[in-house]
Amino acid sequence: MTAHTFTHLDALESESIHIMREVAAECKNPAMLFSGGKDSIVMLRLAEKAFRPAKFPFPLVHIDTEHNFPEVIACRDKLAADLGERLIVRSLEDSIKRGTIVIKDPDKPRNPYQSVTLLETIAEFGFDACMGGARRDEEKARAKERIFSFRDEFGQWDPKNQRPELWDIYNTRVHAGENIRVFPISNWTEMDIWQYIAREKLHIPEIYYAHEREVIRRGNSVMPVSHLVQPKPGEKVEVLSVRFRTVGDMTCTAPVESHARNAQEIIDETSTTRITERGATRMDDQTSEASMELRKKEGYF
Amino acid sequence: MSNATQLLRFITAGSVDDGKSTLIGRLLHDSKSIFEDQLSAISRTSEKRGMTAVDLSLLTDGLQAEREQGITIDVAYRYFATPKRKFIIGDTPGHEQYTRNMVTAASTANLVVILIDARKGVLVQTRRHTYLASLVGIPHIVLAVNKMDMVDYSEARFNEICTEYLAFAAQLGLHNVTCVPLSALVGDMLVDRGDNLNWYQGATLMELLENVEIDHDVNTTDFRYPVQWVCRPQTEKYHDFRGFMGRIEAGEVSVGDEITVLPSGRTSKVKEIVTYDGNLQTAYAPQSIAITLTDEIDISRGDMFVKADYLPTVAKEFEAMLCWLSETPLDKNRKYLVKHTTRTAKCLFSSIDYRVDVNTLEQHANPTVNMNDIAHVTMKVQQPLVFDHYQRNRATGSFIVIDEATNNTVAAGMIV
Ligand SMILES: Nc1nc2c(ncn2[C@@H]2O[C@H](COP(=O)(O)OP(=O)(O)O)[C@@H](O)[C@H]2O)c(=O)[nH]1
């Protein structure tokens, strides 16, 4: 490689590795959130690049809503096992049993509750830093978030009280009880993620690629039929070729119609797509333009 | 789109209403980086606010509170790509008080687009933004003379503004300035040339962004490698492996090179350059790598590998230009922390030499340093730092100051 062939992916990769190493070096007890989704699989590869030939200096953590796609959970477990890294799973069900989460409607999206279990997990293990795979291009409220984002004792994010971030000198200091969320792939876009998946030949859950699936049309979206999503009277089940662009809660993650069967075909398709990733597929974000910001303030990633 | 695109980071600077949001919106729109759902969201908002046309400036609006106030108050990052490059825009507001935001966004930028309203010409704010761009050492400057439609697309007016601006820039020692006339509202000379500025032969704004040469924005000559993390797998296979991990901040390194470890001054040779994708013969800034050495010497985070041909300074005292970021003024009686490359040390300000008025560039012997102030200071650190002058090397000449009581980042510094 010469300086002249240093591509944007190389630049992004090097920046992310640098961030992960800063976390490892400066934080006492970090963790990396890992869901088995495509962004967290990219994060895993970056962590390999940052720390091999040694083991990761942190465990992987997943907050399971138990509304996840089984393919994604299978991928999560396989990847962690293949890499020989420690995976900690904490479930919303635990919080429900403890009574710290009270679910009103068991079939509604559970994302809003994830923050409760996440904060409980942070307290249980005493994590002072959690790395996550959120990107700034996903949503407006994220565009202003720092790479190192500070949370008070309640896990809350205050957009008015964020530390300025200059050059790539990161201030990682926190007081006892506070913690940081770190976003090593802040500067990546959906396109960068797909290009990286193609370049690195990363194995991601099959549901990201086009497949035939039973769906129901609701409003502008198609919803996947599952034990959580059943047709209401008057709704018709259809079989379409679809893929998922994000793989969150099964009750609110909608696939898009697609025939892209591998990363390169997705890149080609994405180059011409006219809808943002979240806008297309997350019903819970559509409710309000500012809904993500509200959730972040409550301690959600 | 091919993978072989470069990354360019740029910022825009202008006064309120010069058309910054419109310009960014236009770049995103005309390069087809705006998505339909974003467009429909801003159409709804435009309608709600009683506007007839879709206001592209709404695209760059951010958080809820700010949306309610109708202003942007911080740095927001936007992304778009063309087949040639991927772009990261650091969007900073033109508001009076926000020197700190511009300095923050400027610190990582390759290029700044300085906006001027063609009717108003070079203003105090234009000078301020240009001074800050020179202070933070942004390698490339584009002067965008906007709202040309409001001055009948006059070539004479454009030339008048450019002449005045270039004279001012030269006073600051800036010679890397390109001027472009445009109308963000109409779309002339941003992505498309349009029909109104046919007298202008130069590149469009997008062509400038796509083609400006950035390979030498990092120092490519003086090898600088701050050790970030020492990798000791302690497995059977890698029993004796000690990899010094970090990112090359400047220059290059090859297997067999003689290196000096600072501040200790010990020397050794590069045995291997290790990466996940295999060992390398040579590595360049800004690659993240691991280096193993032929000798066992005591090395930890905060040390820096260099080569003997151009040595950095190792010192416990230095002078710097400071941009104060905190609402609490600098307190000369207090100790702070300085974080410089991978080293953090206690520090104090032994003197505040002068403050620069960013509007007039006059120096004031003023002992107080408040938020948004730029000051020349002399600093003492408890342990030696390994540094270069910021002008020569952005990565090893920059630092942040942290208040230990609040853990806030209170200042950005550039070693002079
Ligand atoms: N005539 C004209 N108006 C413009 C141009 N660019 C921006 N404007 C208008 O100037 C006003 C301020 O623009 P805006 O982008 O919000 O400025 P900002 O405060 O710098 O972000 C808006 O009413 C724009 O429509 C231009 O090139 N020509």
# chains A, B, ... in the order shown; residues from 1 in each chain; ligands from 1
call {"tool": "residues_around", "arguments": {"residues": "Gln228 of chain B", "least_positions_apart": "5", "cutoff": "7 Å", "atoms": "only C-alpha atoms", "output": "VMD selection string"}}
result
(chain A and resid 21 to 22) or (chain B and resid 245 to 246 301 to 302 342)
call {"tool": "residues_near_ligand", "arguments": {"ligand": "ligand 1", "cutoff": "7 Å", "atoms": "only C-alpha atoms and all ligand atoms", "output": "ChimeraX atom specification"}}
result
/B:14-23,57,94,146-150,182-186
call {"tool": "write_last_selection", "arguments": {"atoms": "N, CA and C atoms", "output": "PDB file, in the first residue's frame"}}
result
ATOM      1  N   GLY B  14     -19.375  31.138   7.607  1.00  0.00           N
ATOM      2  CA  GLY B  14     -19.980  32.338   7.049  1.00  0.00           C
ATOM      3  C   GLY B  14     -20.782  33.005   8.137  1.00  0.00           C
ATOM      4  N   SER B  15     -21.266  34.199   7.849  1.00  0.00           N
ATOM      5  CA  SER B  15     -22.118  34.862   8.823  1.00  0.00           C
ATOM      6  C   SER B  15     -23.538  34.344   8.646  1.00  0.00           C
ATOM      7  N   VAL B  16     -24.373  34.604   9.642  1.00  0.00           N
ATOM      8  CA  VAL B  16     -25.766  34.191   9.553  1.00  0.00           C
ATOM      9  C   VAL B  16     -26.368  34.778   8.277  1.00  0.00           C
ATOM     10  N   ASP B  17     -27.096  33.956   7.556  1.00  0.00           N
ATOM     11  CA  ASP B  17     -27.806  34.376   6.345  1.00  0.00           C
ATOM     12  C   ASP B  17     -26.938  34.546   5.105  1.00  0.00           C
ATOM     13  N   ASP B  18     -25.674  34.175   5.184  1.00  0.00           N
ATOM     14  CA  ASP B  18     -24.853  34.224   3.978  1.00  0.00           C
ATOM     15  C   ASP B  18     -25.238  33.113   3.007  1.00  0.00           C
ATOM     16  N   GLY B  19     -25.936  32.093   3.530  1.00  0.00           N
ATOM     17  CA  GLY B  19     -26.425  31.037   2.653  1.00  0.00           C
ATOM     18  C   GLY B  19     -25.739  29.693   2.858  1.00  0.00           C
ATOM     19  N   LYS B  20     -25.161  29.516   4.043  1.00  0.00           N
ATOM     20  CA  LYS B  20     -24.430  28.290   4.332  1.00  0.00           C
ATOM     21  C   LYS B  20     -25.329  27.055   4.277  1.00  0.00           C
ATOM     22  N   SER B  21     -26.468  27.135   4.948  1.00  0.00           N
ATOM     23  CA  SER B  21     -27.356  25.967   4.960  1.00  0.00           C
ATOM     24  C   SER B  21     -27.880  25.682   3.561  1.00  0.00           C
ATOM     25  N   THR B  22     -28.186  26.737   2.830  1.00  0.00           N
ATOM     26  CA  THR B  22     -28.669  26.554   1.458  1.00  0.00           C
ATOM     27  C   THR B  22     -27.591  25.899   0.607  1.00  0.00           C
ATOM     28  N   LEU B  23     -26.350  26.329   0.814  1.00  0.00           N
ATOM     29  CA  LEU B  23     -25.234  25.777   0.041  1.00  0.00           C
ATOM     30  C   LEU B  23     -25.037  24.288   0.340  1.00  0.00           C
ATOM     31  N   SER B  57     -32.270  24.639   3.406  1.00  0.00           N
ATOM     32  CA  SER B  57     -31.468  24.878   4.599  1.00  0.00           C
ATOM     33  C   SER B  57     -31.981  24.054   5.783  1.00  0.00           C
ATOM     34  N   GLY B  94     -22.862  30.308  12.003  1.00  0.00           N
ATOM     35  CA  GLY B  94     -22.174  31.575  11.762  1.00  0.00           C
ATOM     36  C   GLY B  94     -22.316  32.544  12.907  1.00  0.00           C
ATOM     37  N   ASN B 146     -21.164  34.096  -2.635  1.00  0.00           N
ATOM     38  CA  ASN B 146     -22.533  33.608  -2.848  1.00  0.00           C
ATOM     39  C   ASN B 146     -23.481  34.761  -3.199  1.00  0.00           C
ATOM     40  N   LYS B 147     -24.666  34.394  -3.578  1.00  0.00           N
ATOM     41  CA  LYS B 147     -25.736  35.339  -3.926  1.00  0.00           C
ATOM     42  C   LYS B 147     -25.344  36.225  -5.110  1.00  0.00           C
ATOM     43  N   MET B 148     -24.611  35.631  -6.047  1.00  0.00           N
ATOM     44  CA  MET B 148     -24.225  36.385  -7.241  1.00  0.00           C
ATOM     45  C   MET B 148     -25.467  36.847  -8.008  1.00  0.00           C
ATOM     46  N   ASP B 149     -26.580  36.116  -7.859  1.00  0.00           N
ATOM     47  CA  ASP B 149     -27.827  36.528  -8.526  1.00  0.00           C
ATOM     48  C   ASP B 149     -28.305  37.897  -8.025  1.00  0.00           C
ATOM     49  N   MET B 150     -27.913  38.263  -6.808  1.00  0.00           N
ATOM     50  CA  MET B 150     -28.356  39.533  -6.232  1.00  0.00           C
ATOM     51  C   MET B 150     -27.496  40.710  -6.709  1.00  0.00           C
ATOM     52  N   LEU B 182     -20.811  32.055  -6.946  1.00  0.00           N
ATOM     53  CA  LEU B 182     -21.913  31.103  -7.059  1.00  0.00           C
ATOM     54  C   LEU B 182     -23.238  31.665  -6.557  1.00  0.00           C
ATOM     55  N   SER B 183     -24.286  30.950  -6.869  1.00  0.00           N
ATOM     56  CA  SER B 183     -25.583  31.233  -6.273  1.00  0.00           C
ATOM     57  C   SER B 183     -26.131  29.921  -5.732  1.00  0.00           C
ATOM     58  N   ALA B 184     -26.119  29.823  -4.397  1.00  0.00           N
ATOM     59  CA  ALA B 184     -26.574  28.577  -3.767  1.00  0.00           C
ATOM     60  C   ALA B 184     -28.060  28.380  -4.014  1.00  0.00           C
ATOM     61  N   LEU B 185     -28.794  29.506  -4.044  1.00  0.00           N
ATOM     62  CA  LEU B 185     -30.239  29.418  -4.209  1.00  0.00           C
ATOM     63  C   LEU B 185     -30.598  28.891  -5.601  1.00  0.00           C
ATOM     64  N   VAL B 186     -29.977  29.453  -6.613  1.00  0.00           N
ATOM     65  CA  VAL B 186     -30.274  29.069  -7.990  1.00  0.00           C
ATOM     66  C   VAL B 186     -29.547  27.777  -8.363  1.00  0.00           C
TER      67      VAL B 186
END
call {"tool": "atom_distance", "arguments": {"atom1": "atom CA of Asp217 of chain B", "atom2": "atom CA of Thr104 of chain B"}}
result
17.7 Å
call {"tool": "closest_residue", "arguments": {"among": "B:Val274, B:Leu361, B:Ala118, B:Cys162", "to": "chain A", "atoms": "only C-alpha atoms"}}
result
B:Val274
call {"tool": "select_by_dssp", "arguments": {"residues": "segment 135-251 of chain B", "states": "strand (DSSP E or B)", "output": "list in words"}}
result
His140, Ile141, Val142, Leu143, Ala144, Val145, Asn146, Val177, Thr178, Cys179, Val180, Pro181, Ser183, Asp188, Asp192, Arg224, Tyr225, Pro226, Val227, Gln228, Trp229, Val230, Cys231, Gly243, Phe244, Met245, Gly246, Arg247 and Ala250 of chain B
call {"tool": "atom_distance", "arguments": {"atom1": "atom CA of Ile259 of chain B", "atom2": "atom CA of Ile297 of chain B"}}
result
12.1 Å
call {"tool": "decode", "arguments": {"residues": "segment 82-228 of chain A", "atoms": "C-alpha atoms", "output": "PDB file, in the first residue's frame"}}
result
ATOM      1  CA  ASP A  82     -15.678 -18.501  16.422  1.00  0.00           C
ATOM      2  CA  LEU A  83     -13.597 -15.602  17.674  1.00  0.00           C
ATOM      3  CA  GLY A  84     -13.330 -17.078  21.150  1.00  0.00           C
ATOM      4  CA  GLU A  85     -14.486 -13.826  22.727  1.00  0.00           C
ATOM      5  CA  ARG A  86     -16.603 -13.484  25.844  1.00  0.00           C
ATOM      6  CA  LEU A  87     -20.259 -12.663  25.166  1.00  0.00           C
ATOM      7  CA  ILE A  88     -22.552 -11.365  27.914  1.00  0.00           C
ATOM      8  CA  VAL A  89     -26.272 -11.479  27.133  1.00  0.00           C
ATOM      9  CA  ARG A  90     -28.828  -9.704  29.270  1.00  0.00           C
ATOM     10  CA  SER A  91     -32.480  -9.854  28.415  1.00  0.00           C
ATOM     11  CA  LEU A  92     -35.361  -7.455  28.773  1.00  0.00           C
ATOM     12  CA  GLU A  93     -37.176 -10.403  30.330  1.00  0.00           C
ATOM     13  CA  ASP A  94     -34.816 -10.174  33.327  1.00  0.00           C
ATOM     14  CA  SER A  95     -35.823  -6.561  33.870  1.00  0.00           C
ATOM     15  CA  ILE A  96     -39.483  -7.456  33.420  1.00  0.00           C
ATOM     16  CA  LYS A  97     -39.140 -10.152  36.074  1.00  0.00           C
ATOM     17  CA  ARG A  98     -37.417  -7.688  38.384  1.00  0.00           C
ATOM     18  CA  GLY A  99     -40.258  -5.270  37.790  1.00  0.00           C
ATOM     19  CA  THR A 100     -38.018  -2.516  36.466  1.00  0.00           C
ATOM     20  CA  ILE A 101     -39.755  -2.747  33.103  1.00  0.00           C
ATOM     21  CA  VAL A 102     -43.509  -2.855  32.918  1.00  0.00           C
ATOM     22  CA  ILE A 103     -44.698  -3.780  29.443  1.00  0.00           C
ATOM     23  CA  LYS A 104     -48.147  -2.520  28.561  1.00  0.00           C
ATOM     24  CA  ASP A 105     -48.576  -4.353  25.266  1.00  0.00           C
ATOM     25  CA  PRO A 106     -46.350  -7.406  24.763  1.00  0.00           C
ATOM     26  CA  ASP A 107     -46.569  -7.157  20.972  1.00  0.00           C
ATOM     27  CA  LYS A 108     -45.450  -3.533  20.691  1.00  0.00           C
ATOM     28  CA  PRO A 109     -41.836  -2.590  19.882  1.00  0.00           C
ATOM     29  CA  ARG A 110     -39.497  -3.051  22.789  1.00  0.00           C
ATOM     30  CA  ASN A 111     -36.716  -0.698  21.760  1.00  0.00           C
ATOM     31  CA  PRO A 112     -37.853   2.009  24.175  1.00  0.00           C
ATOM     32  CA  TYR A 113     -37.220  -0.371  27.086  1.00  0.00           C
ATOM     33  CA  GLN A 114     -33.763  -1.440  25.999  1.00  0.00           C
ATOM     34  CA  SER A 115     -32.207   1.472  27.843  1.00  0.00           C
ATOM     35  CA  VAL A 116     -33.434   0.134  31.210  1.00  0.00           C
ATOM     36  CA  THR A 117     -31.750  -3.228  30.781  1.00  0.00           C
ATOM     37  CA  LEU A 118     -28.658  -1.614  29.318  1.00  0.00           C
ATOM     38  CA  LEU A 119     -28.275   0.666  32.347  1.00  0.00           C
ATOM     39  CA  GLU A 120     -28.832  -2.282  34.683  1.00  0.00           C
ATOM     40  CA  THR A 121     -26.163  -4.247  32.841  1.00  0.00           C
ATOM     41  CA  ILE A 122     -23.745  -1.332  33.013  1.00  0.00           C
ATOM     42  CA  ALA A 123     -24.339  -1.180  36.773  1.00  0.00           C
ATOM     43  CA  GLU A 124     -24.041  -4.956  37.208  1.00  0.00           C
ATOM     44  CA  PHE A 125     -20.595  -5.096  35.617  1.00  0.00           C
ATOM     45  CA  GLY A 126     -19.457  -1.589  36.472  1.00  0.00           C
ATOM     46  CA  PHE A 127     -18.685  -0.688  32.860  1.00  0.00           C
ATOM     47  CA  ASP A 128     -17.310   2.825  32.435  1.00  0.00           C
ATOM     48  CA  ALA A 129     -17.415   2.780  28.651  1.00  0.00           C
ATOM     49  CA  CYS A 130     -19.664   1.025  26.144  1.00  0.00           C
ATOM     50  CA  MET A 131     -18.720   0.996  22.499  1.00  0.00           C
ATOM     51  CA  GLY A 132     -21.601   0.886  20.074  1.00  0.00           C
ATOM     52  CA  GLY A 133     -22.045   0.753  16.339  1.00  0.00           C
ATOM     53  CA  ALA A 134     -24.233   3.823  15.870  1.00  0.00           C
ATOM     54  CA  ARG A 135     -23.473   6.060  12.908  1.00  0.00           C
ATOM     55  CA  ARG A 136     -24.049   9.758  12.481  1.00  0.00           C
ATOM     56  CA  ASP A 137     -25.692   9.368   9.094  1.00  0.00           C
ATOM     57  CA  GLU A 138     -28.505   7.263  10.544  1.00  0.00           C
ATOM     58  CA  GLU A 139     -30.554  10.051  11.967  1.00  0.00           C
ATOM     59  CA  LYS A 140     -30.471  13.811  12.520  1.00  0.00           C
ATOM     60  CA  ALA A 141     -30.041  13.730  16.290  1.00  0.00           C
ATOM     61  CA  ARG A 142     -26.978  11.548  15.897  1.00  0.00           C
ATOM     62  CA  ALA A 143     -25.319  13.969  13.492  1.00  0.00           C
ATOM     63  CA  LYS A 144     -24.243  16.148  16.383  1.00  0.00           C
ATOM     64  CA  GLU A 145     -23.262  13.438  18.788  1.00  0.00           C
ATOM     65  CA  ARG A 146     -19.627  13.158  19.712  1.00  0.00           C
ATOM     66  CA  ILE A 147     -17.574  10.037  19.167  1.00  0.00           C
ATOM     67  CA  PHE A 148     -17.115   9.950  22.944  1.00  0.00           C
ATOM     68  CA  SER A 149     -20.529  10.753  24.340  1.00  0.00           C
ATOM     69  CA  PHE A 150     -20.978  11.346  28.041  1.00  0.00           C
ATOM     70  CA  ARG A 151     -23.816  10.033  30.159  1.00  0.00           C
ATOM     71  CA  ASP A 152     -24.636  11.115  33.673  1.00  0.00           C
ATOM     72  CA  GLU A 153     -25.480   8.744  36.507  1.00  0.00           C
ATOM     73  CA  PHE A 154     -28.909   8.201  35.000  1.00  0.00           C
ATOM     74  CA  GLY A 155     -27.427   7.278  31.671  1.00  0.00           C
ATOM     75  CA  GLN A 156     -28.798  10.447  30.195  1.00  0.00           C
ATOM     76  CA  TRP A 157     -27.432  12.319  27.270  1.00  0.00           C
ATOM     77  CA  ASP A 158     -27.524  16.093  27.389  1.00  0.00           C
ATOM     78  CA  PRO A 159     -27.090  17.550  23.909  1.00  0.00           C
ATOM     79  CA  LYS A 160     -26.268  20.938  25.423  1.00  0.00           C
ATOM     80  CA  ASN A 161     -23.527  19.585  27.632  1.00  0.00           C
ATOM     81  CA  GLN A 162     -21.235  17.600  25.367  1.00  0.00           C
ATOM     82  CA  ARG A 163     -17.492  18.036  25.383  1.00  0.00           C
ATOM     83  CA  PRO A 164     -15.997  19.567  22.284  1.00  0.00           C
ATOM     84  CA  GLU A 165     -13.963  17.024  20.326  1.00  0.00           C
ATOM     85  CA  LEU A 166     -10.850  18.354  18.609  1.00  0.00           C
ATOM     86  CA  TRP A 167      -8.441  16.670  16.217  1.00  0.00           C
ATOM     87  CA  ASP A 168      -8.504  13.073  17.308  1.00  0.00           C
ATOM     88  CA  ILE A 169      -7.546  13.735  20.881  1.00  0.00           C
ATOM     89  CA  TYR A 170     -10.323  12.178  22.915  1.00  0.00           C
ATOM     90  CA  ASN A 171     -11.122  13.144  26.481  1.00  0.00           C
ATOM     91  CA  THR A 172     -12.151   9.864  28.098  1.00  0.00           C
ATOM     92  CA  ARG A 173     -12.337  10.995  31.712  1.00  0.00           C
ATOM     93  CA  VAL A 174     -15.435  10.311  33.803  1.00  0.00           C
ATOM     94  CA  HIS A 175     -16.361  10.576  37.459  1.00  0.00           C
ATOM     95  CA  ALA A 176     -17.434   7.490  39.380  1.00  0.00           C
ATOM     96  CA  GLY A 177     -20.933   6.419  38.355  1.00  0.00           C
ATOM     97  CA  GLU A 178     -20.823   8.170  35.002  1.00  0.00           C
ATOM     98  CA  ASN A 179     -20.010   6.417  31.806  1.00  0.00           C
ATOM     99  CA  ILE A 180     -19.241   7.013  28.179  1.00  0.00           C
ATOM    100  CA  ARG A 181     -20.790   5.678  25.035  1.00  0.00           C
ATOM    101  CA  VAL A 182     -18.213   5.475  22.325  1.00  0.00           C
ATOM    102  CA  PHE A 183     -19.089   5.294  18.643  1.00  0.00           C
ATOM    103  CA  PRO A 184     -16.030   4.186  16.696  1.00  0.00           C
ATOM    104  CA  ILE A 185     -17.914   4.080  13.380  1.00  0.00           C
ATOM    105  CA  SER A 186     -19.576   7.490  13.778  1.00  0.00           C
ATOM    106  CA  ASN A 187     -18.209   8.675  10.455  1.00  0.00           C
ATOM    107  CA  TRP A 188     -19.279   5.657   8.423  1.00  0.00           C
ATOM    108  CA  THR A 189     -22.346   5.766   6.203  1.00  0.00           C
ATOM    109  CA  GLU A 190     -24.581   2.889   5.213  1.00  0.00           C
ATOM    110  CA  MET A 191     -22.717   2.770   1.904  1.00  0.00           C
ATOM    111  CA  ASP A 192     -19.338   2.552   3.666  1.00  0.00           C
ATOM    112  CA  ILE A 193     -20.646  -0.342   5.758  1.00  0.00           C
ATOM    113  CA  TRP A 194     -21.718  -2.296   2.681  1.00  0.00           C
ATOM    114  CA  GLN A 195     -18.478  -1.547   0.875  1.00  0.00           C
ATOM    115  CA  TYR A 196     -16.559  -2.761   3.898  1.00  0.00           C
ATOM    116  CA  ILE A 197     -18.666  -5.916   4.195  1.00  0.00           C
ATOM    117  CA  ALA A 198     -17.889  -6.621   0.539  1.00  0.00           C
ATOM    118  CA  ARG A 199     -14.194  -5.814   0.887  1.00  0.00           C
ATOM    119  CA  GLU A 200     -13.689  -7.836   4.049  1.00  0.00           C
ATOM    120  CA  LYS A 201     -16.039 -10.624   2.904  1.00  0.00           C
ATOM    121  CA  LEU A 202     -17.850 -10.449   6.239  1.00  0.00           C
ATOM    122  CA  HIS A 203     -20.457 -13.047   7.033  1.00  0.00           C
ATOM    123  CA  ILE A 204     -23.715 -11.360   8.031  1.00  0.00           C
ATOM    124  CA  PRO A 205     -27.177 -12.806   8.734  1.00  0.00           C
ATOM    125  CA  GLU A 206     -28.867 -14.028   5.555  1.00  0.00           C
ATOM    126  CA  ILE A 207     -31.898 -11.840   6.116  1.00  0.00           C
ATOM    127  CA  TYR A 208     -29.870  -8.825   4.947  1.00  0.00           C
ATOM    128  CA  TYR A 209     -29.931 -10.379   1.491  1.00  0.00           C
ATOM    129  CA  ALA A 210     -32.945 -10.795  -0.749  1.00  0.00           C
ATOM    130  CA  HIS A 211     -35.118 -13.757   0.138  1.00  0.00           C
ATOM    131  CA  GLU A 212     -38.751 -14.752  -0.244  1.00  0.00           C
ATOM    132  CA  ARG A 213     -40.783 -13.882   2.815  1.00  0.00           C
ATOM    133  CA  GLU A 214     -44.401 -13.687   3.900  1.00  0.00           C
ATOM    134  CA  VAL A 215     -45.305 -10.061   4.466  1.00  0.00           C
ATOM    135  CA  ILE A 216     -48.274  -7.805   5.080  1.00  0.00           C
ATOM    136  CA  ARG A 217     -48.597  -4.334   3.610  1.00  0.00           C
ATOM    137  CA  ARG A 218     -49.195  -1.688   6.274  1.00  0.00           C
ATOM    138  CA  GLY A 219     -49.230   1.937   5.230  1.00  0.00           C
ATOM    139  CA  ASN A 220     -46.121   2.536   3.143  1.00  0.00           C
ATOM    140  CA  SER A 221     -44.254  -0.405   4.642  1.00  0.00           C
ATOM    141  CA  VAL A 222     -44.295  -4.148   4.347  1.00  0.00           C
ATOM    142  CA  MET A 223     -44.178  -6.008   7.669  1.00  0.00           C
ATOM    143  CA  PRO A 224     -42.695  -9.487   8.050  1.00  0.00           C
ATOM    144  CA  VAL A 225     -45.126 -12.092   9.312  1.00  0.00           C
ATOM    145  CA  SER A 226     -43.885 -13.699  12.519  1.00  0.00           C
ATOM    146  CA  HIS A 227     -45.298 -14.946  15.789  1.00  0.00           C
ATOM    147  CA  LEU A 228     -45.294 -11.281  16.798  1.00  0.00           C
TER     148      LEU A 228
END
